[in-house]
Each structure stands twice: as C-alpha cells, then as structure tokens.
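The structure appears below as structure tokens.
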Amino acid sequence: MRGPLFSYQIPVSMKGIDKLPYLTSSQKEDLLHSAEQYKRFARVEFEVLEVSGQNVTVRVAQSEYKGGRYLSAKELKERTAEVLKDFPAGTQLSIQAHPFKFLNVVTADYINQQIEALGLSHTELARLLDMRPENLTRIMEDRKGLTKLGKAAFYYLFKYLETEKV
C-alpha cells in the first residue's frame, strides 16, 4: 500500500524550539501557534538561542510591516515573557530584544526600489526633497552616504507617497 502523495508539515515558526526538550507536545504546539500569530500580524519573530540548565536565552526581533505599529524593546520583552509563560517553574529567561529600526532599511537599493514602485522620476523625487538632482544621483548610486535625518526624510516621504497612492 502506498503512502500519501504529499506530506504536509507545519512550518516551524520559532527557530531553536527543538532546544526545549522539556516542553510537552501540547506546550510546543501552543508556543508555535503564538509565535506564528506574532509573525503573521506584527512581524515579530522569536528564536531560542541557548538553553543551559534552567537558563533560556531568547532573541525577539520585529521587522518592517504594513501595520506600522512597532514595539519598543520593553514591549518586545513583555510580549516574549507572555508567549513563554508556560515554561517550567524556575526557568530563568534572558530576552534579547531587537526592535525595528527604520533607519537601517534606508539604503541606495531601498531608494531605487521605492522610486520604481511609486513610478517616480528622479526629477520629481529631487523636487519633493528640495534636493539638487546630481546629489540625488550620488545617493542612488551609493556614492554619497546619508545622515540619519536624510534617511528619515526618504523613509517618511516614501511612506507618505504610498498612502497617497492607495
């Protein structure tokens, strides 16, 4: 007799969960469900980095997403503690929180992608930013770096234009 044509596995939405052998299958299932919901709705991902006796080190990070509601490091730690509340008594959690930092997203590639996605010309973008076209070209070719203020200007201009486009 032949087995099923396709085997379906639930994707593991929490890296390193296999490092937690003392959790029951029900607890792992609940943990994976919570992690999947955070990943799906808030782009928050959890990863078990290390387990040493009763000490568990977990990394939690948030990525960019359309909802735009970003959590602080404190909020990420609180949410992680909530997700991991069913750990056995005596477990010491060490949580490394990495909140989303939009300034890390703004690169020459990001700017070029946004220009293409929004259908902007270089002249239009330079005019919107009150910038000389040759300076914009240098930035887009990654020959001129951006200050934090410059990155913020690009990021929020693109976010504004995205909302106006809809």
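Lettering and numbering for the structure tokens are positional, with chains as A, B, ... in the shown order, residues counted from 1 in each chain, and ligands counted from 1 in the shown order.
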Non-local contacts of His98 of chain A (10 Å; only C-alpha atoms; under 6 positions in same chain excluded) as a ChimeraX atom specification: /A:44-45,59-63,71-74,76-77
Residue set, chain A restricted to strand (DSSP E or B), as number ranges by chain: A: 15, 44-52, 55-62, 92-98
Taking only residues of segment 90-142 of chain A that have an atom at most 12 Å from an atom of segment 19-43 of chain A, what is each one's shortest atom pair and its distance in Å to one decimal, using only C-alpha atoms, in chain and number order, as CSV?
```
residue,atom,partner,partner_atom,distance
A:Thr91,CA,A:Tyr22,CA,11.1
A:Pro99,CA,A:Arg43,CA,10.7
A:Phe100,CA,A:Arg43,CA,9.6
```
Since we have the selection now, will you write its residues out, keeping C-alpha atoms, as a PDB file, in the first residue's frame?
```
ATOM      1  CA  THR A  91      13.220  28.723  34.314  1.00  0.00           C
ATOM      2  CA  PRO A  99      13.071  46.484  17.885  1.00  0.00           C
ATOM      3  CA  PHE A 100      12.620  47.580  14.275  1.00  0.00           C
TER       4      PHE A 100
END
```
Selection near Phe158 of chain A, 9 Å with only C-alpha atoms, sequence-local residues under 3 positions removed, as number ranges by chain: A: 111, 114-115, 118, 153-155, 161-163
Atom pair atom CA of Gln96 of chain A / atom CA of Glu75 of chain A: separation (Å):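 Atom CA of Glu75 of chain A lies at a distance of 11.8 Å from atom CA of Gln96 of chain A.
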Residue nearest Val58 of chain A among A:Ser121, A:Phe87, A:Glu134, A:Ile95 (counting only C-alpha atoms):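 That would be A:Ile95, the residue with the smallest distance to Val58 of chain A.
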Surrounding residues of segment 102-106 of chain A excluding itself and chain neighbours under 3 positions, 12 Å, only C-alpha atoms, as a PyMOL selection string: chain A and resi 62-65+68+70+99+109-114+139-140+142+145-159
Straight-line distance linking atom CA of Lys85 of chain A with atom CA of Arg69 of chain A, stated in Å to one decimal: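 Interatomic distance, atom CA of Lys85 of chain A to atom CA of Arg69 of chain A: 23.6 Å.
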